[in-house]
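Structure below is target.cif: mmCIF, C-alpha atoms (C1' of nucleotides).
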```cif
data_coords
#
loop_
_atom_site.label_atom_id
_atom_site.label_comp_id
_atom_site.auth_asym_id
_atom_site.auth_seq_id
_atom_site.Cartn_x
_atom_site.Cartn_y
_atom_site.Cartn_z
CA MET A 1 -18.46 14.79 3.55
CA LYS A 2 -15.20 13.40 4.80
CA LYS A 3 -11.88 15.02 4.04
CA THR A 4 -9.94 12.31 2.31
CA ASN A 5 -9.10 14.19 -0.85
CA PRO A 6 -5.53 13.29 -1.70
CA THR A 7 -5.23 16.16 -4.18
CA SER A 8 -6.38 19.05 -2.05
CA SER A 9 -5.10 17.98 1.33
CA GLY A 10 -1.40 17.67 1.92
CA ALA A 11 -1.58 14.10 3.17
CA PHE A 12 -2.59 11.05 1.20
CA ALA A 13 -5.64 9.15 2.30
CA ARG A 14 -3.92 5.79 2.34
CA SER A 15 -0.59 5.87 0.57
CA PRO A 16 1.38 7.79 -2.03
CA CYS A 17 0.88 4.97 -4.53
CA PRO A 18 -0.88 6.40 -7.57
CA VAL A 19 -3.03 3.30 -7.90
CA ALA A 20 -4.23 3.64 -4.31
CA CYS A 21 -4.87 7.36 -4.81
CA VAL A 22 -6.87 6.75 -7.96
CA LEU A 23 -8.89 4.07 -6.19
CA ASP A 24 -9.66 6.55 -3.41
CA ILE A 25 -11.29 8.72 -6.10
CA ILE A 26 -12.90 6.27 -8.51
CA GLY A 27 -12.68 2.99 -6.62
CA ASP A 28 -16.32 2.10 -6.27
CA LYS A 29 -19.06 0.49 -8.29
CA TRP A 30 -20.71 3.66 -9.64
CA THR A 31 -18.29 6.50 -10.29
CA LEU A 32 -16.77 5.10 -13.46
CA LEU A 33 -20.20 4.24 -14.81
CA VAL A 34 -21.09 7.93 -14.67
CA VAL A 35 -17.81 8.74 -16.40
CA ARG A 36 -18.59 6.09 -19.00
CA ASP A 37 -21.95 7.77 -19.61
CA LEU A 38 -20.23 11.11 -20.03
CA PHE A 39 -17.94 9.54 -22.64
CA ALA A 40 -21.05 8.17 -24.30
CA GLY A 41 -22.45 11.68 -24.64
CA LYS A 42 -24.82 11.84 -21.69
CA ARG A 43 -24.89 15.19 -19.94
CA THR A 44 -27.83 15.66 -17.59
CA TYR A 45 -28.83 14.23 -14.24
CA GLY A 46 -31.85 12.64 -15.85
CA GLU A 47 -29.78 10.97 -18.53
CA PHE A 48 -27.43 9.45 -15.96
CA GLN A 49 -30.39 8.22 -13.96
CA ALA A 50 -31.92 6.63 -17.02
CA SER A 51 -28.89 4.43 -17.66
CA PHE A 52 -29.29 0.70 -17.80
CA GLU A 53 -27.78 0.09 -14.36
CA LYS A 54 -30.29 2.31 -12.54
CA ILE A 55 -28.03 4.18 -10.18
CA PRO A 56 -29.80 5.24 -6.95
CA THR A 57 -30.51 8.96 -7.15
CA ASN A 58 -28.81 9.91 -3.88
CA ILE A 59 -25.66 8.09 -4.93
CA LEU A 60 -25.70 9.81 -8.32
CA ALA A 61 -25.94 13.21 -6.63
CA GLU A 62 -23.09 12.41 -4.29
CA ARG A 63 -20.84 11.04 -7.04
CA LEU A 64 -21.41 14.08 -9.25
CA LYS A 65 -20.43 16.26 -6.31
CA ARG A 66 -17.26 14.26 -5.83
CA LEU A 67 -16.37 14.35 -9.52
CA ILE A 68 -16.73 18.14 -9.50
CA GLU A 69 -14.62 18.32 -6.35
CA TYR A 70 -11.85 16.36 -8.03
CA GLU A 71 -12.19 18.47 -11.18
CA ILE A 72 -13.08 15.52 -13.33
CA ILE A 73 -16.26 17.23 -14.46
CA VAL A 74 -17.74 20.72 -14.40
CA LYS A 75 -21.36 21.73 -14.01
CA SER A 76 -22.71 24.57 -16.11
CA PRO A 77 -26.10 25.88 -17.21
CA TYR A 78 -26.92 25.10 -20.82
CA GLN A 79 -30.26 26.92 -20.88
CA GLN A 80 -32.27 29.53 -19.02
CA ARG A 81 -36.02 29.49 -18.36
CA PRO A 82 -35.91 27.04 -16.71
CA VAL A 83 -32.24 26.85 -15.78
CA ARG A 84 -30.91 23.44 -16.71
CA TYR A 85 -27.44 22.21 -15.98
CA GLU A 86 -25.16 19.91 -17.85
CA TYR A 87 -22.15 18.00 -16.61
CA VAL A 88 -19.11 17.96 -18.86
CA LEU A 89 -15.77 16.17 -18.63
CA THR A 90 -12.74 18.33 -18.04
CA THR A 91 -9.42 17.53 -19.72
CA LYS A 92 -8.47 15.67 -16.55
CA GLY A 93 -11.71 13.76 -16.81
CA LYS A 94 -11.24 12.91 -20.46
CA GLU A 95 -7.88 11.45 -19.55
CA LEU A 96 -9.70 8.73 -17.63
CA GLY A 97 -10.50 7.34 -21.07
CA PRO A 98 -7.58 4.88 -21.16
CA ILE A 99 -8.66 3.38 -17.83
CA LEU A 100 -12.19 2.90 -19.11
CA LYS A 101 -10.92 1.54 -22.41
CA ALA A 102 -8.64 -0.96 -20.66
CA MET A 103 -11.54 -2.11 -18.49
CA ALA A 104 -13.87 -2.46 -21.45
CA GLN A 105 -11.28 -4.49 -23.35
CA TRP A 106 -10.64 -6.81 -20.42
CA GLY A 107 -14.36 -7.21 -19.88
CA GLU A 108 -15.14 -7.97 -23.49
CA LYS A 109 -12.37 -10.53 -23.59
CA HIS A 110 -12.99 -12.27 -20.29
CA ILE A 111 -16.66 -11.87 -19.45
CA PRO A 112 -18.58 -13.92 -21.96
CA GLY A 113 -21.58 -12.09 -23.31
CA SER A 114 -20.57 -8.66 -22.15
CA LYS A 115 -20.69 -6.16 -24.96
CA ALA A 116 -19.92 -2.47 -25.14
CA ILE A 117 -23.01 -0.30 -25.38
CA SER A 118 -21.16 2.75 -26.61
CA LYS A 119 -18.03 3.82 -28.35
CA TRP A 120 -15.40 6.33 -27.34
CA MET B 1 -21.07 -14.95 -0.31
CA LYS B 2 -23.53 -13.44 -2.70
CA LYS B 3 -24.04 -14.85 -6.15
CA THR B 4 -23.36 -11.93 -8.43
CA ASN B 5 -20.72 -13.55 -10.56
CA PRO B 6 -21.37 -12.41 -14.10
CA THR B 7 -19.09 -15.03 -15.58
CA SER B 8 -20.40 -18.15 -13.92
CA SER B 9 -24.08 -17.28 -13.71
CA GLY B 10 -26.05 -16.82 -16.87
CA ALA B 11 -27.34 -13.38 -15.95
CA PHE B 12 -25.30 -10.25 -15.47
CA ALA B 13 -25.32 -8.63 -12.08
CA ARG B 14 -26.22 -5.19 -13.33
CA SER B 15 -25.83 -4.92 -17.08
CA PRO B 16 -24.07 -6.46 -20.06
CA CYS B 17 -21.76 -3.46 -20.28
CA PRO B 18 -18.18 -4.72 -19.94
CA VAL B 19 -17.25 -1.72 -17.78
CA ALA B 20 -20.09 -2.47 -15.36
CA CYS B 21 -19.15 -6.16 -15.31
CA VAL B 22 -15.52 -5.40 -14.60
CA LEU B 23 -16.54 -3.03 -11.82
CA ASP B 24 -18.64 -5.80 -10.30
CA ILE B 25 -15.41 -7.81 -10.02
CA ILE B 26 -12.73 -5.26 -9.21
CA GLY B 27 -14.76 -2.14 -8.37
CA ASP B 28 -13.73 -1.51 -4.81
CA LYS B 29 -10.91 0.09 -2.90
CA TRP B 30 -8.87 -3.04 -2.18
CA THR B 31 -9.01 -5.64 -4.93
CA LEU B 32 -6.75 -3.85 -7.40
CA LEU B 33 -4.25 -3.10 -4.65
CA VAL B 34 -3.83 -6.83 -4.12
CA VAL B 35 -3.43 -7.26 -7.87
CA ARG B 36 -0.90 -4.44 -7.88
CA ASP B 37 1.05 -6.26 -5.16
CA LEU B 38 0.99 -9.43 -7.22
CA PHE B 39 2.43 -7.50 -10.17
CA ALA B 40 5.06 -6.17 -7.78
CA GLY B 41 6.12 -9.72 -6.95
CA LYS B 42 4.32 -10.31 -3.68
CA ARG B 43 2.95 -13.79 -3.27
CA THR B 44 1.91 -14.66 0.27
CA TYR B 45 -0.89 -13.62 2.58
CA GLY B 46 1.63 -12.08 4.92
CA GLU B 47 3.24 -10.04 2.16
CA PHE B 48 -0.13 -8.62 1.10
CA GLN B 49 -0.93 -7.76 4.68
CA ALA B 50 2.39 -5.99 5.12
CA SER B 51 1.67 -3.56 2.28
CA PHE B 52 1.74 0.13 2.95
CA GLU B 53 -2.06 0.51 2.91
CA LYS B 54 -2.66 -2.04 5.68
CA ILE B 55 -5.57 -3.97 4.30
CA PRO B 56 -7.80 -5.43 7.04
CA THR B 57 -7.13 -9.14 7.28
CA ASN B 58 -10.73 -10.27 6.85
CA ILE B 59 -11.05 -8.18 3.70
CA LEU B 60 -7.82 -9.57 2.32
CA ALA B 61 -9.05 -13.13 2.87
CA GLU B 62 -12.37 -12.37 1.20
CA ARG B 63 -10.77 -10.63 -1.78
CA LEU B 64 -8.33 -13.46 -2.37
CA LYS B 65 -11.28 -15.85 -2.37
CA ARG B 66 -13.06 -13.69 -4.95
CA LEU B 67 -9.99 -13.39 -7.16
CA ILE B 68 -9.64 -17.17 -7.16
CA GLU B 69 -13.33 -17.53 -7.95
CA TYR B 70 -12.96 -15.24 -10.96
CA GLU B 71 -9.79 -17.07 -12.00
CA ILE B 72 -7.64 -13.99 -11.72
CA ILE B 73 -5.28 -15.79 -9.36
CA VAL B 74 -4.56 -19.36 -8.31
CA LYS B 75 -3.47 -20.62 -4.94
CA SER B 76 -0.85 -23.33 -4.71
CA PRO B 77 1.51 -24.76 -2.12
CA TYR B 78 5.09 -23.71 -2.64
CA GLN B 79 6.53 -25.72 0.25
CA GLN B 80 5.76 -28.61 2.60
CA ARG B 81 6.57 -28.86 6.32
CA PRO B 82 4.85 -26.54 7.04
CA VAL B 83 2.61 -26.22 4.00
CA ARG B 84 2.75 -22.67 2.74
CA TYR B 85 0.68 -21.30 -0.08
CA GLU B 86 1.40 -18.69 -2.68
CA TYR B 87 -1.00 -16.73 -4.81
CA VAL B 88 -0.09 -16.27 -8.46
CA LEU B 89 -1.70 -14.32 -11.28
CA THR B 90 -3.26 -16.33 -14.07
CA THR B 91 -3.03 -15.15 -17.69
CA LYS B 92 -6.42 -13.55 -17.19
CA GLY B 93 -5.09 -11.83 -14.12
CA LYS B 94 -1.93 -10.62 -15.84
CA GLU B 95 -4.15 -9.03 -18.46
CA LEU B 96 -5.40 -6.63 -15.80
CA GLY B 97 -2.00 -4.97 -16.22
CA PRO B 98 -3.20 -2.34 -18.71
CA ILE B 99 -5.94 -1.22 -16.32
CA LEU B 100 -3.43 -0.85 -13.51
CA LYS B 101 -0.98 0.89 -15.79
CA ALA B 102 -3.61 3.35 -17.00
CA MET B 103 -4.58 4.10 -13.40
CA ALA B 104 -0.98 4.60 -12.33
CA GLN B 105 -0.36 6.94 -15.24
CA TRP B 106 -3.45 9.02 -14.52
CA GLY B 107 -2.56 9.14 -10.85
CA GLU B 108 1.03 10.17 -11.41
CA LYS B 109 -0.11 12.90 -13.76
CA HIS B 110 -3.03 14.29 -11.79
CA ILE B 111 -2.35 13.57 -8.14
CA PRO B 112 0.58 15.74 -7.12
CA GLY B 113 3.08 13.86 -5.03
CA SER B 114 1.84 10.40 -5.85
CA LYS B 115 4.62 8.16 -7.01
CA ALA B 116 4.72 4.58 -8.14
CA ILE B 117 6.28 2.24 -5.60
CA SER B 118 6.93 -0.56 -8.03
CA LYS B 119 7.42 -1.25 -11.70
CA TRP B 120 5.63 -3.71 -13.93
"C1'" DG C 1 5.65 -28.10 26.31
"C1'" DA C 2 6.15 -23.23 25.77
"C1'" DT C 3 6.76 -19.86 22.32
"C1'" DG C 4 6.60 -18.23 17.64
"C1'" DT C 5 4.98 -17.89 12.78
"C1'" DT C 6 1.70 -18.00 9.06
"C1'" DA C 7 -2.78 -17.82 7.64
"C1'" DC C 8 -6.70 -17.13 8.40
"C1'" DT C 9 -11.88 -16.68 11.08
"C1'" DT C 10 -15.15 -14.45 14.12
"C1'" DG C 11 -17.63 -10.73 16.52
"C1'" DC C 12 -19.15 -6.37 16.57
"C1'" DA C 13 -19.35 -1.23 15.86
"C1'" DA C 14 -19.30 2.10 12.24
"C1'" DT C 15 -19.67 3.51 7.67
"C1'" DT C 16 -21.85 3.25 3.17
"C1'" DA C 17 -25.39 1.70 -0.11
"C1'" DG C 18 -29.93 1.47 -1.74
"C1'" DC C 19 -34.87 2.06 -1.86
"C1'" DA C 20 -38.85 5.05 -1.43
"C1'" DA C 21 -40.77 9.21 -0.66
"C1'" DG C 22 -40.53 14.10 -0.33
"C1'" DT C 23 -39.06 18.91 -1.75
"C1'" DA C 24 -37.73 22.95 -4.75
"C1'" DT C 25 -37.98 25.48 -8.84
"C1'" DG C 26 -39.94 26.52 -12.86
"C1'" DT C 27 -43.13 25.63 -17.22
"C1'" DC C 28 -47.44 25.31 -19.53
"C1'" DG C 29 -52.24 25.04 -20.49
"C1'" DA C 30 -57.19 25.85 -18.98
"C1'" DT D 1 -54.16 31.52 -10.97
"C1'" DC D 2 -54.52 26.83 -10.29
"C1'" DG D 3 -53.43 22.27 -11.24
"C1'" DA D 4 -50.52 19.06 -13.64
"C1'" DC D 5 -45.94 18.06 -15.13
"C1'" DA D 6 -40.81 17.94 -15.51
"C1'" DT D 7 -36.07 18.20 -13.83
"C1'" DA D 8 -33.01 17.85 -10.21
"C1'" DC D 9 -32.17 16.84 -6.29
"C1'" DT D 10 -32.69 15.82 -0.63
"C1'" DT D 11 -34.22 13.17 3.32
"C1'" DG D 12 -35.35 9.09 6.11
"C1'" DC D 13 -34.68 4.64 7.09
"C1'" DT D 14 -33.12 -0.24 6.48
"C1'" DA D 15 -29.74 -3.41 4.82
"C1'" DA D 16 -25.24 -4.61 3.47
"C1'" DT D 17 -20.36 -3.87 3.69
"C1'" DT D 18 -16.18 -2.29 5.95
"C1'" DG D 19 -12.79 -2.22 9.34
"C1'" DC D 20 -10.83 -3.01 13.83
"C1'" DA D 21 -9.57 -6.25 17.39
"C1'" DA D 22 -9.26 -10.51 19.09
"C1'" DG D 23 -9.33 -15.41 18.58
"C1'" DT D 24 -8.12 -19.91 16.35
"C1'" DA D 25 -5.56 -23.67 13.83
"C1'" DA D 26 -1.63 -25.97 12.15
"C1'" DC D 27 2.84 -26.60 12.40
"C1'" DA D 28 7.87 -25.68 13.69
"C1'" DT D 29 11.57 -24.71 16.72
"C1'" DC D 30 13.77 -24.15 21.15
#
```
Can I see the file as structure tokens?
Amino acid sequence: MKKTNPTSSGAFARSPCPVACVLDIIGDKWTLLVVRDLFAGKRTYGEFQASFEKIPTNILAERLKRLIEYEIIVKSPYQQRPVRYEYVLTTKGKELGPILKAMAQWGEKHIPGSKAISKW
Amino acid sequence: MKKTNPTSSGAFARSPCPVACVLDIIGDKWTLLVVRDLFAGKRTYGEFQASFEKIPTNILAERLKRLIEYEIIVKSPYQQRPVRYEYVLTTKGKELGPILKAMAQWGEKHIPGSKAISKW
DNA sequence: GATGTTACTTGCAATTAGCAAGTATGTCGA
DNA sequence: TCGACATACTTGCTAATTGCAAGTAACATC
């Protein structure tokens, strides 16, 4: 994995602009959909995979890794025998809510027919 | 250019979820930076190119085309001899402000050292 | 008519995405 | 204890997208 983490490295990937930095973390087609699912109450790998948009499994694995790296989520076992893990939003992760909400509002207003699946 | 426009085609590219639809339009590393520049008062191709992040020129051209397609911006001549064009946010485009604002706020809070270049 | 400016387009190598299949770990029932 | 099943990934390979560099077009100015 490349070292372009603007939070852990001293240098910024592209610029010190907060918008650019945020886009370096969540600026792709899948990451925020996983976060959306987390807001909607999904917790396990299988649940994310089962979402309507059918995220490719290798991309899901990579994005979860990234989200952990950026401390947006944490992974922890929720049962033994067999060990099963759940992914949970951190406080930092929960604070992505306003971004998601703003997107959902814009989408519902400007993309005819689009309708929120879940609430947050 | 591929036909994945969820607003003009009857079918949604991936899902009817407004977040997914919005990500299909602005879910990449560059589009929102151009929108940010527009909010910051930049108007011409050259001004976008001169931004700190140094967007590749072919990507800039393609993104401007997309933004026009989705009616987020309009292109119009602002002078003759020689004809020069400016790009301006539509009402729909201006309503992306809250998304940008939410991103900037999250970035300023969680990415140490990141600092907004401009106001809106 | 040579040079400069703005606004792109084109070509190509490199990175990333996406599909399908495979692997690892552990459960459960016969 | 062996086979079938489930969850959670990893790997291999092709296709699409990105990004760099260079080229082009239209016009203006010297």
query: Quick one: residues within 9 Å of D:DT10, only C-alpha atoms (C1' of nucleotides) counted, chain neighbours fewer than 5 positions away excluded, as a list in words?
result: Asn58 of chain A; DG22 and DT23 of chain C
task: Excluding C:DA14 and any residue of its chain fewer than 3 positions from it, enumerate the residues within 12 Å of it, using all atoms listed in the file, and give them as JSON, numbers by chain.
output: {"D": [17, 18, 19, 20]}
message: Selection in question (the file shown): the PyMOL selection byres ((chain B) within 10 of (chain D)). Which residues does it include, as a list of chain:residue names?
response: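 Residues picked by the PyMOL selection byres ((chain B) within 10 of (chain D)): B:Ile55, B:Pro56, B:Thr57, B:Asn58, B:Ile59, B:Arg81, B:Pro82, B:Val83.
What separates atom CA of B:Phe48 from atom C1' of C:DT3 is a distance of 25.0 Å.
Applied to this file, the PyMOL selection byres ((chain B) within 8 of (chain C)) selects Tyr45, Gly46, Asn58, Ala61 and Arg84 of chain B.
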Evaluate the PyMOL selection byres ((chain A and resi 76) around 7) on the structure here and hand back the selected residues as a compact mmCIF listing (two decimals) with C-alpha atoms, keeping the file's coordinate frame.
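What ended up in expr.txt:
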```txt
# COMPACT_ATOMS: atom_id res chain seq x y z
CA VAL A 74 -17.74 20.72 -14.40
CA LYS A 75 -21.36 21.73 -14.01
CA PRO A 77 -26.10 25.88 -17.21
CA TYR A 78 -26.92 25.10 -20.82
CA TYR A 85 -27.44 22.21 -15.98
CA GLU A 86 -25.16 19.91 -17.85
CA TYR A 87 -22.15 18.00 -16.61
```
